[in-house]
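The file target.cif comes next; it holds mmCIF, C-alpha atoms.
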```cif
data_start
loop_
_atom_site.label_atom_id
_atom_site.label_comp_id
_atom_site.auth_asym_id
_atom_site.auth_seq_id
_atom_site.Cartn_x
_atom_site.Cartn_y
_atom_site.Cartn_z
CA MET Q 259 57.71 104.72 108.25
CA ASN Q 260 54.73 103.14 109.95
CA TRP Q 261 56.21 101.89 113.23
CA ASP Q 262 53.09 99.81 113.97
CA MET Q 263 53.98 97.59 111.01
CA VAL Q 264 57.48 97.00 112.37
CA GLU Q 265 56.79 96.32 116.04
CA PRO Q 266 53.63 95.78 118.08
CA THR Q 267 52.33 98.38 120.46
CA HIS Q 268 52.22 97.93 124.22
CA LEU Q 269 49.98 99.40 126.90
CA ALA Q 270 51.37 101.51 129.74
CA GLU Q 271 49.74 103.00 132.82
CA ILE Q 272 50.84 106.24 134.44
CA GLN Q 273 52.08 105.70 137.99
CA ALA Q 274 53.12 109.26 138.84
CA VAL Q 275 53.24 112.77 137.38
CA THR Q 276 55.99 115.07 138.68
CA SER Q 277 56.65 118.72 137.83
CA LEU Q 278 60.36 119.34 137.21
CA THR Q 279 60.15 123.01 136.19
CA ALA Q 280 57.30 125.39 135.38
CA HIS Q 281 57.12 123.96 131.85
CA THR Q 282 58.39 120.38 132.15
CA LYS Q 283 56.94 117.25 133.72
CA ARG Q 284 58.07 113.67 134.26
CA LEU Q 285 55.68 110.81 133.61
CA THR Q 286 56.47 107.55 135.40
CA LEU Q 287 54.94 104.64 133.48
CA ARG Q 288 54.43 100.95 134.11
CA PRO Q 289 54.29 98.77 130.99
CA LEU Q 290 51.36 96.41 131.60
CA GLU Q 291 52.27 93.48 129.36
CA HIS Q 292 56.00 92.94 129.79
CA ARG Q 293 59.16 94.66 130.95
CA LEU Q 294 60.71 97.12 128.52
CA HIS Q 295 64.34 96.35 127.69
CA PHE Q 296 66.30 99.35 126.42
CA GLN Q 297 69.65 101.13 126.43
CA PRO Q 298 70.07 104.61 127.95
CA GLY Q 299 69.68 107.14 125.15
CA GLN Q 300 66.89 105.30 123.34
CA TRP Q 301 63.30 106.51 122.92
CA ILE Q 302 59.77 105.19 122.61
CA SER Q 303 56.94 106.29 120.34
CA LEU Q 304 53.73 107.19 122.16
CA LYS Q 305 50.46 106.46 120.38
CA LEU Q 306 48.15 109.23 121.58
CA PRO Q 307 44.37 109.08 120.89
CA ILE Q 308 44.22 112.62 119.53
CA GLY Q 309 44.66 114.56 116.30
CA GLU Q 310 42.84 114.46 112.98
CA ARG Q 311 43.89 110.86 112.29
CA PRO Q 312 44.65 109.21 115.63
CA PRO Q 313 46.79 107.82 116.95
CA LEU Q 314 49.22 110.74 117.00
CA ASN Q 315 52.80 109.41 117.21
CA ARG Q 316 55.28 111.31 119.36
CA ALA Q 317 58.80 110.25 120.30
CA TYR Q 318 60.19 110.75 123.82
CA SER Q 319 63.57 109.73 125.22
CA LEU Q 320 63.60 107.39 128.19
CA ALA Q 321 64.58 109.52 131.16
CA GLU Q 322 65.88 106.93 133.65
CA PRO Q 323 68.06 103.82 133.30
CA PRO Q 324 66.28 100.44 133.51
CA THR Q 325 64.88 99.82 136.99
CA SER Q 326 64.33 96.66 139.02
CA THR Q 327 60.59 97.40 139.15
CA GLY Q 328 60.26 97.78 135.38
CA GLU Q 329 58.90 101.33 135.53
CA VAL Q 330 60.08 103.81 132.90
CA SER Q 331 60.06 107.61 132.84
CA LEU Q 332 59.59 110.25 130.16
CA VAL Q 333 60.08 114.01 130.35
CA PHE Q 334 58.22 116.51 128.18
CA ASP Q 335 58.06 120.28 127.97
CA HIS Q 336 54.59 121.79 127.61
CA VAL Q 337 54.61 123.77 124.38
CA PRO Q 338 51.77 126.33 124.28
CA GLY Q 339 49.34 125.15 121.63
CA GLY Q 340 51.21 121.87 121.16
CA ILE Q 341 48.70 119.06 120.60
CA ALA Q 342 50.75 116.26 122.14
CA SER Q 343 52.22 118.14 125.10
CA THR Q 344 48.81 119.68 125.96
CA TYR Q 345 47.31 116.19 126.03
CA LEU Q 346 50.15 114.77 128.14
CA ASN Q 347 49.95 117.73 130.51
CA GLN Q 348 46.41 116.80 131.60
CA LEU Q 349 47.08 113.10 132.23
CA ARG Q 350 46.93 111.71 135.76
CA PRO Q 351 47.99 108.50 137.55
CA GLY Q 352 45.88 105.59 136.33
CA ASP Q 353 45.53 106.92 132.78
CA ARG Q 354 46.75 104.62 130.02
CA PHE Q 355 48.07 104.87 126.48
CA SER Q 356 49.95 102.71 123.99
CA PHE Q 357 53.55 102.94 122.85
CA SER Q 358 56.03 101.10 120.67
CA GLY Q 359 59.78 100.73 120.88
CA PRO Q 360 62.41 101.20 122.09
CA TYR Q 361 64.15 102.78 119.12
CA GLY Q 362 67.28 104.76 118.39
CA ARG Q 363 71.04 104.49 117.97
CA PHE Q 364 71.92 107.39 120.26
CA VAL Q 365 73.50 105.09 122.82
CA LEU Q 366 76.86 104.89 124.53
CA PRO Q 367 79.67 103.56 122.31
CA GLU Q 368 82.64 101.54 123.52
CA LEU Q 369 84.47 103.96 125.79
CA GLU Q 370 87.87 102.30 126.36
CA ASP Q 371 90.22 105.18 127.25
CA LYS Q 372 87.94 107.85 125.85
CA GLN Q 373 86.38 110.88 127.54
CA LEU Q 374 82.74 111.86 127.13
CA LEU Q 375 81.75 115.35 126.01
CA LEU Q 376 77.96 115.52 126.37
CA ILE Q 377 76.07 118.59 125.15
CA GLY Q 378 72.32 118.98 125.65
CA ARG Q 379 69.89 121.77 124.95
CA TYR Q 380 66.85 121.90 127.30
CA SER Q 381 64.98 118.56 127.03
CA GLY Q 382 67.94 117.23 125.03
CA LEU Q 383 69.52 116.82 128.45
CA VAL Q 384 67.15 113.92 129.21
CA PRO Q 385 68.94 111.06 127.36
CA LEU Q 386 72.36 112.38 128.39
CA ARG Q 387 71.47 112.37 132.08
CA CYS Q 388 70.08 108.86 131.66
CA MET Q 389 73.48 107.75 130.33
CA ILE Q 390 75.35 109.44 133.18
CA ARG Q 391 73.15 107.84 135.83
CA SER Q 392 73.59 104.43 134.22
CA LEU Q 393 77.38 104.76 134.12
CA ILE Q 394 77.52 105.90 137.74
CA HIS Q 395 75.33 102.96 138.80
CA GLN Q 396 77.74 100.61 137.01
CA ARG Q 397 80.74 102.44 138.51
CA ALA Q 398 81.96 102.93 134.96
CA LEU Q 399 81.78 106.72 134.53
CA PRO Q 400 84.82 107.94 132.54
CA VAL Q 401 86.10 111.50 132.57
CA THR Q 402 82.92 113.29 131.48
CA THR Q 403 81.99 116.89 130.78
CA LEU Q 404 78.32 117.79 130.46
CA ILE Q 405 77.38 121.13 128.91
CA ALA Q 406 73.71 121.69 129.75
CA HIS Q 407 71.80 124.52 128.09
CA ALA Q 408 68.54 125.99 129.31
CA PRO Q 409 66.44 128.78 127.78
CA SER Q 410 66.09 130.42 131.22
CA ALA Q 411 67.32 129.95 134.78
CA GLY Q 412 63.93 128.60 135.83
CA GLU Q 413 64.05 125.88 133.16
CA GLN Q 414 67.37 124.27 134.12
CA LEU Q 415 66.51 120.59 134.19
CA TYR Q 416 68.13 118.50 136.96
CA HIS Q 417 70.30 121.47 137.95
CA GLU Q 418 70.69 120.72 141.67
CA GLU Q 419 71.09 117.01 141.03
CA LEU Q 420 73.89 117.56 138.53
CA ILE Q 421 75.68 119.96 140.87
CA GLY Q 422 75.59 117.21 143.50
CA LEU Q 423 76.92 114.60 141.09
CA ALA Q 424 79.83 116.85 140.15
CA GLN Q 425 80.66 117.33 143.84
CA ARG Q 426 80.63 113.58 144.53
CA HIS Q 427 82.39 112.37 141.37
CA GLU Q 428 85.67 114.10 140.58
CA GLN Q 429 85.72 112.74 137.01
CA PHE Q 430 82.40 114.48 136.23
CA ARG Q 431 82.26 118.16 135.26
CA TYR Q 432 78.94 119.96 134.97
CA VAL Q 433 78.78 123.18 132.95
CA PRO Q 434 75.32 124.82 133.12
CA LEU Q 435 74.58 127.56 130.60
CA VAL Q 436 71.51 129.76 130.26
CA ALA Q 437 71.03 131.41 126.88
CA GLU Q 438 68.41 132.00 124.24
CA GLU Q 439 69.15 131.24 120.59
CA PRO Q 440 71.45 132.05 118.85
CA GLY Q 441 73.58 132.69 121.91
CA ALA Q 442 73.37 129.04 122.94
CA VAL Q 443 75.21 127.98 119.78
CA ASP Q 444 77.78 130.78 119.72
CA GLY Q 445 78.82 130.33 123.33
CA THR Q 446 79.09 126.57 123.00
CA LEU Q 447 81.22 126.72 119.87
CA ALA Q 448 83.84 128.76 121.74
CA MET Q 449 83.68 126.37 124.70
CA ILE Q 450 84.10 123.30 122.48
CA ARG Q 451 87.17 124.74 120.79
CA GLY Q 452 88.74 125.54 124.15
CA LEU Q 453 87.99 122.10 125.62
CA VAL Q 454 89.04 119.99 122.66
CA ASP Q 455 92.07 121.96 121.43
CA GLY Q 456 93.44 119.06 119.40
CA ASN Q 457 92.51 116.39 121.97
CA ARG Q 458 90.94 113.53 120.02
CA SER Q 459 90.20 111.42 123.10
CA TRP Q 460 86.75 113.00 123.41
CA ILE Q 461 83.56 111.23 122.32
CA PRO Q 462 81.10 114.04 121.46
CA MET Q 463 77.38 113.36 121.97
CA ILE Q 464 74.91 116.18 121.23
CA ALA Q 465 71.14 116.30 121.81
CA GLY Q 466 68.72 119.11 121.01
CA VAL Q 467 66.93 120.79 118.13
CA LYS Q 468 68.66 120.79 114.73
CA ALA Q 469 69.44 124.51 114.82
CA PHE Q 470 71.46 123.88 117.99
CA ALA Q 471 72.99 120.46 117.32
CA ARG Q 472 74.07 120.64 113.69
CA PRO Q 473 76.41 123.67 113.95
CA LEU Q 474 78.13 121.99 116.90
CA ARG Q 475 78.68 118.82 114.90
CA GLU Q 476 80.19 120.87 112.05
CA CYS Q 477 82.57 122.43 114.56
CA PHE Q 478 83.86 118.99 115.58
CA VAL Q 479 84.24 117.99 111.92
CA GLU Q 480 86.26 121.14 111.27
CA MET Q 481 88.52 120.17 114.18
CA GLY Q 482 89.30 116.83 112.56
CA PHE Q 483 86.62 114.49 113.91
CA ASP Q 484 84.96 112.11 111.49
CA ARG Q 485 81.28 112.98 111.10
CA LYS Q 486 80.32 109.48 112.34
CA GLU Q 487 82.31 110.06 115.55
CA VAL Q 488 79.97 112.89 116.56
CA LYS Q 489 76.79 111.29 117.92
CA LEU Q 490 73.67 113.37 117.30
CA GLU Q 491 70.06 113.20 118.50
CA THR Q 492 67.66 115.87 117.21
CA TYR Q 493 64.02 116.49 118.13
CA ASP Q 494 62.56 118.40 115.19
#
```
Could you write out this structure as structure tokens?
Amino acid sequence: MNWDMVEPTHLAEIQAVTSLTAHTKRLTLRPLEHRLHFQPGQWISLKLPIGERPPLNRAYSLAEPPTSTGEVSLVFDHVPGGIASTYLNQLRPGDRFSFSGPYGRFVLPELEDKQLLLIGRYSGLVPLRCMIRSLIHQRALPVTTLIAHAPSAGEQLYHEELIGLAQRHEQFRYVPLVAEEPGAVDGTLAMIRGLVDGNRSWIPMIAGVKAFARPLRECFVEMGFDRKEVKLETYD
């Protein structure tokens, strides 16, 4: 689909560039034309002036809940040889590019008396953390377990922050895991079965690459969850 035909593009200026790990950075942006209204979990499509037929469209989840200043944040991992991430990696405060959105249905459902089971692989953690921070700000965080996967100890996104949140909020459990594929999937499948064990009060939300996310969804379906109950956001 050509997103430009659906919604207009908007111009944003980079306010800050922050290194989170050796391979990930956060871009803080200020939309120049109007405030961006979005729900935690949604994403925007960047229109980058590169590639054989620019603009090159790339989708990135919004990394922070809506702010009073109107700034928004994105997180990207620098993939060696990746056209988009190499371009983003050299940007500096004051640089500008266009975007469209927000888009996406990977947003918090009605919680009622439900518990959240959030599972993210590497940068898939970004929209999940955004949801958690939004719920905490609203003082509406339910019993929540976050399983956060990283490919290495040095690439654990938001690790210290999430440890602190778990210490301050007794209803929040943080489970950090470091594993390369396929160990990330195998270990999580066993953990899911142990956590759920017939308890249908969980709302599963999974974010990551398809090879990670889809087997986990099938596990929930096998345990009796309707496929539509298992919220999925994939990045490839």
Quiz item: Between Q:Ala437, Q:Ala270, Q:Leu420, Q:Ala280, which one has atoms that come closest to Lys305 of chain Q, using only C-alpha atoms?
Solution: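 Closest to Lys305 of chain Q of all the choices is Q:Ala270.
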Self-check item: Expected selection from the PyMOL selection byres ((chain Q and resi 383) around 9), given as a list in words
Solution: Leu376, Ile377, Gly378, Arg379, Tyr380, Ser381, Gly382, Val384, Pro385, Leu386, Arg387, Cys388, Ile405, Ala406, His407, Leu415, Tyr416, Ala465 and Gly466 of chain Q
Self-check item: Atomic distance atom CA of Pro367 of chain Q - atom CA of Phe430 of chain Q, expressed in Å with one decimal
Solution: 17.9 Å
Practice problem: Return the single residue from Q:Ala448, Q:Ile390, Q:Leu269, Q:Ala342 that is closest to Pro298 of chain Q, with distances computed using all atoms listed in the file. | Solution: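 Of the candidates, the smallest distance to Pro298 of chain Q is held by Q:Ile390.
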Quiz item: For the atom pair atom CA of Glu487 of chain Q and atom CA of Asp455 of chain Q, what is the interatomic distance in Å to one decimal place?
Solution: 16.5 Å
Practice problem: Kindly extract all protein, DNA and RNA residues lying within 9 Å of the coordinates (77.5, 124.5, 117.3) given in the file, considering only C-alpha atoms, and supply them as a PyMOL selection string. | Solution: chain Q and resi 442-448+450+469-478
Practice problem: Enumerate, as a PyMOL selection string, the residues matched when the PyMOL selection byres ((chain Q and resi 374) around 8) is run on the file above. | Solution: chain Q and resi 372-373+375-376+400-403+460-463
Self-check item: From Q:Phe355, Q:Trp301, Q:Phe296, Q:Tyr345, residue lying nearest Pro323 of chain Q [all atoms listed in the file]
Solution: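 Of Q:Phe355, Q:Trp301, Q:Phe296, Q:Tyr345, the one nearest Pro323 of chain Q, counting all atoms listed in the file, is Q:Phe296.
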Practice problem: Determine, counting only C-alpha atoms, which protein, DNA and RNA residues have an atom within 9 Å of an atom of segment 423-427 of chain Q; residues of the same chain fewer than 5 positions away are not included. Present the result as a ChimeraX atom specification. | Solution: /Q:394,399,418,432
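Among the candidate residues Q:Arg311, Q:Lys489, Q:His281, Q:Arg458, the one lying nearest to Ala408 of chain Q is Q:His281, with distances computed using all atoms listed in the file.
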Quiz item: For the file shown, what are the residues hit by the PyMOL selection byres ((chain Q and resi 291) around 8), laid out as a PyMOL selection string?
Solution: chain Q and resi 268-269+289-290+292-293
Quiz prompt | For Gly456 of chain Q, the nearest of the candidates Q:Gly339, Q:Glu438, Q:Thr286, Q:Phe483, counting all atoms listed in the file | solution =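 Smallest distance to Gly456 of chain Q is found for Q:Phe483.
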Quiz item: Counting all atoms listed in the file, what is within 7 Å of Gln273 of chain Q, bar same-chain residues fewer than 5 positions away, as a ChimeraX atom specification?
Solution: /Q:286-288,351-352
Quiz item: For Glu413 of chain Q, which residue among Q:Pro307, Q:Pro434, Q:Pro313, Q:Pro324 is the nearest when counting only C-alpha atoms?
Solution: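 Using only C-alpha atoms, the shortest distance to Glu413 of chain Q belongs to Q:Pro434.
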Quiz item: What does the distance from atom CA of Thr492 of chain Q to atom CA of Ala411 of chain Q come to in Å, to one decimal?
Solution: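 According to the coordinates, atom CA of Thr492 of chain Q and atom CA of Ala411 of chain Q are separated by 22.5 Å.
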Self-check item: Surrounding residues of Arg284 of chain Q excluding itself and chain neighbours under 2 positions, 12 Å, all atoms listed in the file, as number ranges by chain
Solution: Q: 272-282, 286-287, 318-322, 330-336, 343, 346-347, 349-351, 381, 384, 415-416
Using the selection just defined, write its residues with C-alpha atoms as a PDB file, in the frame of the given file.
```
ATOM      1  CA  ILE Q 272      50.840 106.240 134.440  1.00  0.00           C
ATOM      2  CA  GLN Q 273      52.080 105.700 137.990  1.00  0.00           C
ATOM      3  CA  ALA Q 274      53.120 109.260 138.840  1.00  0.00           C
ATOM      4  CA  VAL Q 275      53.240 112.770 137.380  1.00  0.00           C
ATOM      5  CA  THR Q 276      55.990 115.070 138.680  1.00  0.00           C
ATOM      6  CA  SER Q 277      56.650 118.720 137.830  1.00  0.00           C
ATOM      7  CA  LEU Q 278      60.360 119.340 137.210  1.00  0.00           C
ATOM      8  CA  THR Q 279      60.150 123.010 136.190  1.00  0.00           C
ATOM      9  CA  ALA Q 280      57.300 125.390 135.380  1.00  0.00           C
ATOM     10  CA  HIS Q 281      57.120 123.960 131.850  1.00  0.00           C
ATOM     11  CA  THR Q 282      58.390 120.380 132.150  1.00  0.00           C
ATOM     12  CA  THR Q 286      56.470 107.550 135.400  1.00  0.00           C
ATOM     13  CA  LEU Q 287      54.940 104.640 133.480  1.00  0.00           C
ATOM     14  CA  TYR Q 318      60.190 110.750 123.820  1.00  0.00           C
ATOM     15  CA  SER Q 319      63.570 109.730 125.220  1.00  0.00           C
ATOM     16  CA  LEU Q 320      63.600 107.390 128.190  1.00  0.00           C
ATOM     17  CA  ALA Q 321      64.580 109.520 131.160  1.00  0.00           C
ATOM     18  CA  GLU Q 322      65.880 106.930 133.650  1.00  0.00           C
ATOM     19  CA  VAL Q 330      60.080 103.810 132.900  1.00  0.00           C
ATOM     20  CA  SER Q 331      60.060 107.610 132.840  1.00  0.00           C
ATOM     21  CA  LEU Q 332      59.590 110.250 130.160  1.00  0.00           C
ATOM     22  CA  VAL Q 333      60.080 114.010 130.350  1.00  0.00           C
ATOM     23  CA  PHE Q 334      58.220 116.510 128.180  1.00  0.00           C
ATOM     24  CA  ASP Q 335      58.060 120.280 127.970  1.00  0.00           C
ATOM     25  CA  HIS Q 336      54.590 121.790 127.610  1.00  0.00           C
ATOM     26  CA  SER Q 343      52.220 118.140 125.100  1.00  0.00           C
ATOM     27  CA  LEU Q 346      50.150 114.770 128.140  1.00  0.00           C
ATOM     28  CA  ASN Q 347      49.950 117.730 130.510  1.00  0.00           C
ATOM     29  CA  LEU Q 349      47.080 113.100 132.230  1.00  0.00           C
ATOM     30  CA  ARG Q 350      46.930 111.710 135.760  1.00  0.00           C
ATOM     31  CA  PRO Q 351      47.990 108.500 137.550  1.00  0.00           C
ATOM     32  CA  SER Q 381      64.980 118.560 127.030  1.00  0.00           C
ATOM     33  CA  VAL Q 384      67.150 113.920 129.210  1.00  0.00           C
ATOM     34  CA  LEU Q 415      66.510 120.590 134.190  1.00  0.00           C
ATOM     35  CA  TYR Q 416      68.130 118.500 136.960  1.00  0.00           C
TER      36      TYR Q 416
END
```
